[in-house]
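*Asks:* The structure's right below; bear with me while I get my questions together.
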2 protein chains.
Amino acid sequence: MKPVVAADVDPRTKPSNYPEPFASRMRGRVKRQLGDVFGLTNFGVNLTTLDAGAVSALQHRHSLQDEFVFVLEGEVTLIMGDVVETLGPGSCIGFPAGGASHHLENRGTDPAVYLEVGDRTEGDAVSYPADDLQAAKGAKGWVFTHKDGTPY
Amino acid sequence: MKPVVAADVDPRTKPSNYPEPFASRMRGRVKRQLGDVFGLTNFGVNLTTLDAGAVSALQHRHSLQDEFVFVLEGEVTLIMGDVVETLGPGSCIGFPAGGASHHLENRGTDPAVYLEVGDRTEGDAVSYPADDLQAAKGAKGWVFTHKDGTPY
(Lines give C-alpha, C1' and ligand atoms only; values in the text may rest on other atoms or scores of the structure.)
Protein backbone atom coordinates (compact mmCIF):
# COMPACT_ATOMS: atom_id res chain seq x y z
CA MET A 1 0.00 0.00 0.00
CA LYS A 2 1.74 3.12 -1.26
CA PRO A 3 0.57 6.69 -1.90
CA VAL A 4 -0.50 7.55 -5.43
CA VAL A 5 -0.78 10.70 -7.51
CA ALA A 6 -4.55 10.96 -7.81
CA ALA A 7 -4.54 12.20 -11.41
CA ASP A 8 -2.49 9.14 -12.44
CA VAL A 9 -5.18 6.68 -11.33
CA ASP A 10 -7.01 5.09 -14.27
CA PRO A 11 -10.54 6.43 -14.83
CA ARG A 12 -13.49 4.20 -14.00
CA THR A 13 -14.13 1.94 -16.99
CA LYS A 14 -17.93 2.28 -16.82
CA PRO A 15 -18.61 6.00 -17.22
CA SER A 16 -22.05 5.84 -15.55
CA ASN A 17 -24.17 3.33 -13.63
CA TYR A 18 -27.41 4.94 -14.85
CA PRO A 19 -29.55 3.19 -17.44
CA GLU A 20 -30.14 5.00 -20.71
CA PRO A 21 -31.21 7.62 -21.55
CA PHE A 22 -29.59 8.97 -18.37
CA ALA A 23 -26.10 7.50 -18.81
CA SER A 24 -25.54 9.53 -21.96
CA ARG A 25 -26.30 12.70 -20.04
CA MET A 26 -23.12 12.03 -17.99
CA ARG A 27 -20.90 12.58 -21.03
CA GLY A 28 -17.84 14.64 -20.15
CA ARG A 29 -17.70 13.31 -16.58
CA VAL A 30 -14.67 11.19 -15.61
CA LYS A 31 -14.28 9.53 -12.20
CA ARG A 32 -11.07 8.19 -10.66
CA GLN A 33 -11.96 5.91 -7.76
CA LEU A 34 -9.26 6.77 -5.26
CA GLY A 35 -10.69 4.93 -2.28
CA ASP A 36 -10.86 1.69 -4.22
CA VAL A 37 -7.13 1.91 -4.98
CA PHE A 38 -6.50 1.33 -1.27
CA GLY A 39 -9.28 -1.16 -0.64
CA LEU A 40 -11.48 1.19 1.37
CA THR A 41 -14.98 -0.21 1.84
CA ASN A 42 -16.77 2.10 4.30
CA PHE A 43 -16.73 5.07 1.96
CA GLY A 44 -15.65 5.98 -1.56
CA VAL A 45 -13.54 8.93 -2.68
CA ASN A 46 -13.52 9.94 -6.33
CA LEU A 47 -11.41 12.48 -8.18
CA THR A 48 -13.97 13.67 -10.69
CA THR A 49 -13.42 15.84 -13.75
CA LEU A 50 -16.28 17.66 -15.45
CA ASP A 51 -15.62 19.01 -18.90
CA ALA A 52 -17.36 22.23 -19.90
CA GLY A 53 -21.09 21.49 -20.02
CA ALA A 54 -20.87 18.25 -18.05
CA VAL A 55 -22.82 17.49 -14.88
CA SER A 56 -21.96 15.57 -11.71
CA ALA A 57 -25.14 13.49 -11.62
CA LEU A 58 -28.86 13.75 -12.12
CA GLN A 59 -30.58 15.92 -9.54
CA HIS A 60 -30.86 13.46 -6.63
CA ARG A 61 -30.93 12.83 -2.91
CA HIS A 62 -29.87 9.85 -0.78
CA SER A 63 -32.00 8.45 2.03
CA LEU A 64 -29.13 7.17 4.19
CA GLN A 65 -25.79 8.09 2.65
CA ASP A 66 -23.95 11.36 3.22
CA GLU A 67 -22.01 13.06 0.44
CA PHE A 68 -19.28 15.71 0.40
CA VAL A 69 -17.61 17.67 -2.42
CA PHE A 70 -14.38 19.72 -2.33
CA VAL A 71 -13.44 21.69 -5.44
CA LEU A 72 -9.80 21.48 -6.56
CA GLU A 73 -9.71 23.18 -9.98
CA GLY A 74 -12.07 25.26 -12.09
CA GLU A 75 -15.61 26.07 -11.08
CA VAL A 76 -18.79 24.10 -10.62
CA THR A 77 -22.30 25.42 -10.11
CA LEU A 78 -24.33 23.83 -7.36
CA ILE A 79 -28.06 23.49 -7.98
CA MET A 80 -29.89 22.58 -4.76
CA GLY A 81 -33.40 23.77 -4.04
CA ASP A 82 -33.32 27.54 -4.25
CA VAL A 83 -29.51 27.60 -4.11
CA VAL A 84 -27.64 28.21 -7.36
CA GLU A 85 -24.08 28.99 -6.40
CA THR A 86 -20.72 28.68 -8.12
CA LEU A 87 -17.87 27.07 -6.18
CA GLY A 88 -14.19 27.53 -6.95
CA PRO A 89 -11.04 25.83 -5.64
CA GLY A 90 -11.06 25.44 -1.87
CA SER A 91 -14.84 25.59 -1.55
CA CYS A 92 -16.84 22.63 -0.34
CA ILE A 93 -20.39 21.48 0.26
CA GLY A 94 -21.84 18.57 2.19
CA PHE A 95 -25.08 16.76 1.46
CA PRO A 96 -26.43 15.03 4.55
CA ALA A 97 -28.65 12.00 4.02
CA GLY A 98 -32.28 12.97 3.58
CA GLY A 99 -31.39 16.55 2.67
CA ALA A 100 -32.31 18.56 -0.40
CA SER A 101 -31.78 17.10 -3.85
CA HIS A 102 -28.79 18.48 -5.68
CA HIS A 103 -26.27 18.19 -8.47
CA LEU A 104 -23.34 20.15 -9.91
CA GLU A 105 -22.91 21.57 -13.39
CA ASN A 106 -19.83 22.90 -15.13
CA ARG A 107 -21.25 26.04 -16.73
CA GLY A 108 -17.80 27.40 -17.58
CA THR A 109 -15.44 26.82 -20.47
CA ASP A 110 -12.62 25.03 -18.63
CA PRO A 111 -12.65 21.59 -16.99
CA ALA A 112 -13.48 21.46 -13.30
CA VAL A 113 -11.96 18.94 -10.88
CA TYR A 114 -13.30 18.01 -7.46
CA LEU A 115 -13.09 15.33 -4.80
CA GLU A 116 -16.35 13.63 -3.89
CA VAL A 117 -16.85 11.44 -0.85
CA GLY A 118 -19.81 9.17 -0.17
CA ASP A 119 -20.34 6.45 2.38
CA ARG A 120 -21.72 3.01 1.57
CA THR A 121 -24.51 2.59 4.11
CA GLU A 122 -26.63 -0.43 3.20
CA GLY A 123 -30.31 0.08 2.44
CA ASP A 124 -29.76 3.46 0.81
CA ALA A 125 -32.33 4.66 -1.70
CA VAL A 126 -31.88 7.48 -4.19
CA SER A 127 -34.70 9.64 -5.49
CA TYR A 128 -34.54 11.75 -8.64
CA PRO A 129 -37.23 14.44 -8.52
CA ALA A 130 -36.78 15.55 -12.13
CA ASP A 131 -36.52 12.14 -13.81
CA ASP A 132 -38.52 8.90 -14.06
CA LEU A 133 -35.90 7.02 -12.09
CA GLN A 134 -35.27 5.62 -8.63
CA ALA A 135 -32.42 3.56 -7.22
CA ALA A 136 -31.99 1.19 -4.30
CA LYS A 137 -28.77 -0.31 -3.02
CA GLY A 138 -29.08 -4.09 -2.90
CA ALA A 139 -26.62 -6.87 -2.15
CA LYS A 140 -25.44 -6.84 -5.77
CA GLY A 141 -25.17 -3.08 -6.10
CA TRP A 142 -27.51 -0.36 -7.32
CA VAL A 143 -30.84 -1.33 -8.87
CA PHE A 144 -32.45 1.34 -11.07
CA THR A 145 -36.16 1.28 -11.86
CA HIS A 146 -38.85 3.57 -13.16
CA LYS A 147 -40.74 5.42 -10.44
CA ASP A 148 -43.51 2.80 -10.67
CA GLY A 149 -40.96 0.08 -9.88
CA THR A 150 -40.71 -1.44 -13.34
CA PRO A 151 -37.18 -2.23 -14.45
CA TYR A 152 -35.09 -0.43 -17.03
CA MET B 1 -27.14 24.69 3.70
CA LYS B 2 -24.72 26.67 1.56
CA PRO B 3 -21.18 25.98 0.29
CA VAL B 4 -18.30 27.32 2.35
CA VAL B 5 -14.68 28.24 1.71
CA ALA B 6 -12.95 25.49 3.67
CA ALA B 7 -10.14 27.71 4.97
CA ASP B 8 -12.73 30.11 6.45
CA VAL B 9 -14.21 27.45 8.74
CA ASP B 10 -13.25 27.98 12.39
CA PRO B 11 -10.64 25.52 13.68
CA ARG B 12 -11.71 22.83 16.14
CA THR B 13 -11.67 24.36 19.61
CA LYS B 14 -10.12 21.31 21.27
CA PRO B 15 -6.78 20.80 19.51
CA SER B 16 -6.50 17.10 20.44
CA ASN B 17 -8.67 14.38 21.98
CA TYR B 18 -5.61 12.55 23.34
CA PRO B 19 -4.85 12.62 27.05
CA GLU B 20 -1.54 14.13 28.11
CA PRO B 21 1.32 13.69 27.51
CA PHE B 22 0.12 12.86 23.98
CA ALA B 23 -2.07 15.92 23.36
CA SER B 24 0.93 18.23 23.61
CA ARG B 25 2.67 16.27 20.89
CA MET B 26 -0.06 17.47 18.50
CA ARG B 27 1.11 21.07 18.77
CA GLY B 28 1.13 22.78 15.38
CA ARG B 29 -1.79 20.71 14.07
CA VAL B 30 -5.04 22.56 13.27
CA LYS B 31 -8.22 20.81 12.13
CA ARG B 32 -11.23 22.40 10.43
CA GLN B 33 -14.17 20.01 10.66
CA LEU B 34 -15.78 20.47 7.26
CA GLY B 35 -18.22 17.57 7.44
CA ASP B 36 -19.67 18.85 10.69
CA VAL B 37 -20.47 22.21 9.05
CA PHE B 38 -23.06 20.40 6.96
CA GLY B 39 -24.31 17.98 9.59
CA LEU B 40 -22.72 14.87 8.09
CA THR B 41 -22.77 11.94 10.50
CA ASN B 42 -21.60 8.89 8.55
CA PHE B 43 -18.10 10.23 8.01
CA GLY B 44 -15.97 13.22 8.92
CA VAL B 45 -13.88 15.41 6.62
CA ASN B 46 -11.22 17.67 8.09
CA LEU B 47 -9.08 20.33 6.47
CA THR B 48 -5.92 19.86 8.49
CA THR B 49 -2.87 22.10 8.62
CA LEU B 50 0.48 20.84 9.93
CA ASP B 51 3.05 23.45 10.74
CA ALA B 52 6.71 22.56 10.19
CA GLY B 53 7.56 19.80 12.65
CA ALA B 54 3.94 18.91 13.44
CA VAL B 55 2.44 15.43 13.07
CA SER B 56 -0.99 14.21 12.01
CA ALA B 57 -1.49 11.81 14.91
CA LEU B 58 0.34 9.23 16.96
CA GLN B 59 1.32 6.15 14.99
CA HIS B 60 -1.99 4.24 14.98
CA ARG B 61 -4.39 1.87 13.26
CA HIS B 62 -8.17 1.51 13.37
CA SER B 63 -9.93 -1.83 13.71
CA LEU B 64 -13.09 -0.90 11.79
CA GLN B 65 -12.81 2.61 10.38
CA ASP B 66 -11.24 3.50 7.05
CA GLU B 67 -9.20 6.66 6.59
CA PHE B 68 -8.14 8.66 3.53
CA VAL B 69 -5.77 11.62 3.06
CA PHE B 70 -5.41 13.94 0.05
CA VAL B 71 -2.60 16.53 0.12
CA LEU B 72 -3.53 20.07 -0.97
CA GLU B 73 -0.49 22.20 -0.11
CA GLY B 74 3.07 21.60 1.03
CA GLU B 75 4.49 18.16 1.75
CA VAL B 76 3.88 15.51 4.38
CA THR B 77 5.92 12.40 5.04
CA LEU B 78 4.01 9.18 5.50
CA ILE B 79 5.44 6.70 7.99
CA MET B 80 3.73 3.31 7.65
CA GLY B 81 5.56 0.05 8.29
CA ASP B 82 8.56 0.05 5.98
CA VAL B 83 7.14 2.90 3.91
CA VAL B 84 8.62 6.37 4.45
CA GLU B 85 7.43 8.50 1.56
CA THR B 86 6.84 12.20 1.01
CA LEU B 87 3.55 13.27 -0.55
CA GLY B 88 2.95 16.59 -2.29
CA PRO B 89 -0.19 18.28 -3.61
CA GLY B 90 -2.42 15.92 -5.54
CA SER B 91 -1.09 12.78 -3.87
CA CYS B 92 -3.28 10.62 -1.68
CA ILE B 93 -3.17 7.56 0.54
CA GLY B 94 -5.91 5.37 1.99
CA PHE B 95 -5.73 3.43 5.23
CA PRO B 96 -8.18 0.53 5.23
CA ALA B 97 -9.45 -0.68 8.61
CA GLY B 98 -7.14 -3.27 10.09
CA GLY B 99 -4.21 -2.22 7.93
CA ALA B 100 -0.73 -1.10 8.91
CA SER B 101 -0.28 1.57 11.56
CA HIS B 102 0.64 4.97 10.20
CA HIS B 103 0.94 8.68 10.70
CA LEU B 104 2.13 11.75 8.80
CA GLU B 105 4.87 14.21 9.68
CA ASN B 106 5.66 17.62 8.26
CA ARG B 107 9.44 17.35 7.94
CA GLY B 108 9.67 20.49 5.80
CA THR B 109 9.85 24.17 6.63
CA ASP B 110 6.48 25.29 5.24
CA PRO B 111 2.98 24.43 6.47
CA ALA B 112 1.27 21.46 4.85
CA VAL B 113 -2.48 21.25 4.25
CA TYR B 114 -4.47 18.11 3.54
CA LEU B 115 -8.00 16.75 3.58
CA GLU B 116 -8.60 13.73 5.79
CA VAL B 117 -11.68 11.54 5.69
CA GLY B 118 -12.69 8.95 8.25
CA ASP B 119 -15.92 7.10 8.78
CA ARG B 120 -17.66 6.72 12.12
CA THR B 121 -18.28 2.98 12.36
CA GLU B 122 -19.38 2.09 15.89
CA GLY B 123 -17.24 -0.32 17.89
CA ASP B 124 -13.99 0.95 16.41
CA ALA B 125 -10.82 0.47 18.44
CA VAL B 126 -7.52 2.24 17.87
CA SER B 127 -4.14 0.75 18.72
CA TYR B 128 -0.92 2.75 19.13
CA PRO B 129 2.07 0.44 18.75
CA ALA B 130 4.63 3.01 19.91
CA ASP B 131 2.76 4.45 22.90
CA ASP B 132 1.11 3.24 26.11
CA LEU B 133 -2.33 4.13 24.83
CA GLN B 134 -5.41 2.52 23.38
CA ALA B 135 -8.79 3.94 22.38
CA ALA B 136 -12.28 2.56 21.96
CA LYS B 137 -15.29 4.31 20.51
CA GLY B 138 -18.16 4.20 22.99
CA ALA B 139 -21.59 5.79 23.04
CA LYS B 140 -20.12 8.98 24.52
CA GLY B 141 -17.16 9.21 22.20
CA TRP B 142 -13.57 8.02 22.39
CA VAL B 143 -12.30 6.47 25.60
CA PHE B 144 -8.52 6.46 26.03
CA THR B 145 -6.78 4.09 28.43
CA HIS B 146 -3.35 2.70 29.15
CA LYS B 147 -2.63 -0.57 27.38
CA ASP B 148 -3.53 -2.43 30.59
CA GLY B 149 -6.97 -0.82 30.53
CA THR B 150 -6.45 1.64 33.37
CA PRO B 151 -7.80 5.13 32.68
CA TYR B 152 -5.84 8.28 31.94
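So you can find residues: chains in the C-alpha coordinates are A, B, ... in the order shown, residues in each start at 1, and ligands are numbered from 1 in order.
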Pick out the chain A residues within 7 Å of chain B. Count only C-alpha atoms. Give them as number ranges by chain.
*Replies:* A: 2-6, 35, 38-40, 42, 66, 90-96, 119
*Asks:* Residues at most 7 Å from Arg12 of chain B, counting only C-alpha atoms, excluding those fewer than 6 positions away in the same chain, as a PyMOL selection string?
*Replies:* chain B and resi 31-33
*Asks:* Which is closer to Val9 of chain B than all the others in B:Thr109, B:Val30, B:Pro129, B:Ser56, using only C-alpha atoms?
*Replies:*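 Checking each of B:Thr109, B:Val30, B:Pro129, B:Ser56 against Val9 of chain B, counting only C-alpha atoms, the winner is B:Val30.
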*Asks:* So that I can check the secondary structure, give me every residue of chain B assigned alpha helix (DSSP H) by backbone DSSP, as a list in words.
*Replies:* Leu34, Gly35, Asp36 and Val37 of chain B
*Asks:* I need the strand (DSSP E or B) residues of segment 34-92 of chain B per DSSP on the backbone, written as number ranges by chain.
*Replies:* B: 43-50, 55, 60-62, 67-73, 76-80, 83-87, 91-92
*Asks:* Got time to write the residues from that selection, N, CA and C atoms, as a PDB file, in the first residue's frame?
*Replies:*
```
ATOM      1  N   PHE B  43     -19.555  10.077   8.086  1.00  0.00           N
ATOM      2  CA  PHE B  43     -18.097  10.229   8.005  1.00  0.00           C
ATOM      3  C   PHE B  43     -17.741  11.675   8.331  1.00  0.00           C
ATOM      4  N   GLY B  44     -16.485  11.885   8.686  1.00  0.00           N
ATOM      5  CA  GLY B  44     -15.970  13.223   8.916  1.00  0.00           C
ATOM      6  C   GLY B  44     -14.975  13.589   7.838  1.00  0.00           C
ATOM      7  N   VAL B  45     -14.894  14.885   7.540  1.00  0.00           N
ATOM      8  CA  VAL B  45     -13.883  15.409   6.619  1.00  0.00           C
ATOM      9  C   VAL B  45     -13.235  16.598   7.312  1.00  0.00           C
ATOM     10  N   ASN B  46     -11.946  16.550   7.491  1.00  0.00           N
ATOM     11  CA  ASN B  46     -11.223  17.671   8.088  1.00  0.00           C
ATOM     12  C   ASN B  46     -10.275  18.291   7.079  1.00  0.00           C
ATOM     13  N   LEU B  47     -10.171  19.621   7.127  1.00  0.00           N
ATOM     14  CA  LEU B  47      -9.078  20.329   6.468  1.00  0.00           C
ATOM     15  C   LEU B  47      -8.031  20.540   7.556  1.00  0.00           C
ATOM     16  N   THR B  48      -6.912  19.871   7.420  1.00  0.00           N
ATOM     17  CA  THR B  48      -5.919  19.865   8.495  1.00  0.00           C
ATOM     18  C   THR B  48      -4.634  20.541   8.038  1.00  0.00           C
ATOM     19  N   THR B  49      -4.131  21.416   8.882  1.00  0.00           N
ATOM     20  CA  THR B  49      -2.868  22.103   8.617  1.00  0.00           C
ATOM     21  C   THR B  49      -1.815  21.605   9.606  1.00  0.00           C
ATOM     22  N   LEU B  50      -0.659  21.217   9.080  1.00  0.00           N
ATOM     23  CA  LEU B  50       0.477  20.841   9.926  1.00  0.00           C
ATOM     24  C   LEU B  50       1.573  21.873   9.742  1.00  0.00           C
ATOM     25  N   VAL B  55       2.821  16.772  13.532  1.00  0.00           N
ATOM     26  CA  VAL B  55       2.441  15.430  13.072  1.00  0.00           C
ATOM     27  C   VAL B  55       0.920  15.320  13.028  1.00  0.00           C
ATOM     28  N   HIS B  60      -0.758   4.920  14.552  1.00  0.00           N
ATOM     29  CA  HIS B  60      -1.992   4.243  14.985  1.00  0.00           C
ATOM     30  C   HIS B  60      -2.622   3.436  13.862  1.00  0.00           C
ATOM     31  N   ARG B  61      -3.542   2.571  14.233  1.00  0.00           N
ATOM     32  CA  ARG B  61      -4.386   1.868  13.263  1.00  0.00           C
ATOM     33  C   ARG B  61      -5.773   1.664  13.860  1.00  0.00           C
ATOM     34  N   HIS B  62      -6.770   1.711  12.972  1.00  0.00           N
ATOM     35  CA  HIS B  62      -8.169   1.506  13.369  1.00  0.00           C
ATOM     36  C   HIS B  62      -8.587   0.068  13.075  1.00  0.00           C
ATOM     37  N   GLU B  67      -9.657   5.271   6.646  1.00  0.00           N
ATOM     38  CA  GLU B  67      -9.199   6.660   6.587  1.00  0.00           C
ATOM     39  C   GLU B  67      -8.624   6.949   5.201  1.00  0.00           C
ATOM     40  N   PHE B  68      -8.640   8.237   4.838  1.00  0.00           N
ATOM     41  CA  PHE B  68      -8.138   8.659   3.528  1.00  0.00           C
ATOM     42  C   PHE B  68      -7.569  10.065   3.660  1.00  0.00           C
ATOM     43  N   VAL B  69      -6.431  10.304   3.014  1.00  0.00           N
ATOM     44  CA  VAL B  69      -5.769  11.618   3.063  1.00  0.00           C
ATOM     45  C   VAL B  69      -5.437  12.068   1.639  1.00  0.00           C
ATOM     46  N   PHE B  70      -5.728  13.334   1.348  1.00  0.00           N
ATOM     47  CA  PHE B  70      -5.412  13.944   0.050  1.00  0.00           C
ATOM     48  C   PHE B  70      -4.662  15.240   0.327  1.00  0.00           C
ATOM     49  N   VAL B  71      -3.439  15.359  -0.179  1.00  0.00           N
ATOM     50  CA  VAL B  71      -2.603  16.528   0.121  1.00  0.00           C
ATOM     51  C   VAL B  71      -2.972  17.689  -0.809  1.00  0.00           C
ATOM     52  N   LEU B  72      -3.164  18.860  -0.216  1.00  0.00           N
ATOM     53  CA  LEU B  72      -3.530  20.067  -0.967  1.00  0.00           C
ATOM     54  C   LEU B  72      -2.372  21.042  -1.132  1.00  0.00           C
ATOM     55  N   GLU B  73      -1.597  21.226  -0.071  1.00  0.00           N
ATOM     56  CA  GLU B  73      -0.486  22.201  -0.108  1.00  0.00           C
ATOM     57  C   GLU B  73       0.679  21.655   0.700  1.00  0.00           C
ATOM     58  N   VAL B  76       3.913  16.293   3.137  1.00  0.00           N
ATOM     59  CA  VAL B  76       3.879  15.512   4.375  1.00  0.00           C
ATOM     60  C   VAL B  76       4.603  14.199   4.119  1.00  0.00           C
ATOM     61  N   THR B  77       5.224  13.687   5.153  1.00  0.00           N
ATOM     62  CA  THR B  77       5.920  12.404   5.041  1.00  0.00           C
ATOM     63  C   THR B  77       5.093  11.333   5.737  1.00  0.00           C
ATOM     64  N   LEU B  78       4.768  10.318   4.977  1.00  0.00           N
ATOM     65  CA  LEU B  78       4.012   9.179   5.496  1.00  0.00           C
ATOM     66  C   LEU B  78       4.981   8.182   6.116  1.00  0.00           C
ATOM     67  N   ILE B  79       4.680   7.779   7.350  1.00  0.00           N
ATOM     68  CA  ILE B  79       5.442   6.703   7.993  1.00  0.00           C
ATOM     69  C   ILE B  79       4.457   5.559   8.247  1.00  0.00           C
ATOM     70  N   MET B  80       4.669   4.431   7.575  1.00  0.00           N
ATOM     71  CA  MET B  80       3.727   3.305   7.652  1.00  0.00           C
ATOM     72  C   MET B  80       4.512   2.025   7.410  1.00  0.00           C
ATOM     73  N   VAL B  83       7.320   1.788   4.857  1.00  0.00           N
ATOM     74  CA  VAL B  83       7.145   2.902   3.915  1.00  0.00           C
ATOM     75  C   VAL B  83       7.449   4.231   4.597  1.00  0.00           C
ATOM     76  N   VAL B  84       8.389   4.976   4.042  1.00  0.00           N
ATOM     77  CA  VAL B  84       8.624   6.368   4.446  1.00  0.00           C
ATOM     78  C   VAL B  84       8.641   7.150   3.143  1.00  0.00           C
ATOM     79  N   GLU B  85       7.559   7.885   2.886  1.00  0.00           N
ATOM     80  CA  GLU B  85       7.428   8.497   1.560  1.00  0.00           C
ATOM     81  C   GLU B  85       6.803   9.876   1.696  1.00  0.00           C
ATOM     82  N   THR B  86       7.336  10.821   0.938  1.00  0.00           N
ATOM     83  CA  THR B  86       6.842  12.195   1.011  1.00  0.00           C
ATOM     84  C   THR B  86       5.805  12.431  -0.073  1.00  0.00           C
ATOM     85  N   LEU B  87       4.689  13.020   0.338  1.00  0.00           N
ATOM     86  CA  LEU B  87       3.553  13.273  -0.553  1.00  0.00           C
ATOM     87  C   LEU B  87       3.389  14.778  -0.735  1.00  0.00           C
ATOM     88  N   SER B  91      -1.327  14.177  -4.252  1.00  0.00           N
ATOM     89  CA  SER B  91      -1.093  12.781  -3.866  1.00  0.00           C
ATOM     90  C   SER B  91      -2.044  12.392  -2.751  1.00  0.00           C
ATOM     91  N   CYS B  92      -2.334  11.101  -2.684  1.00  0.00           N
ATOM     92  CA  CYS B  92      -3.276  10.618  -1.679  1.00  0.00           C
ATOM     93  C   CYS B  92      -2.866   9.242  -1.197  1.00  0.00           C
TER      94      CYS B  92
END
```
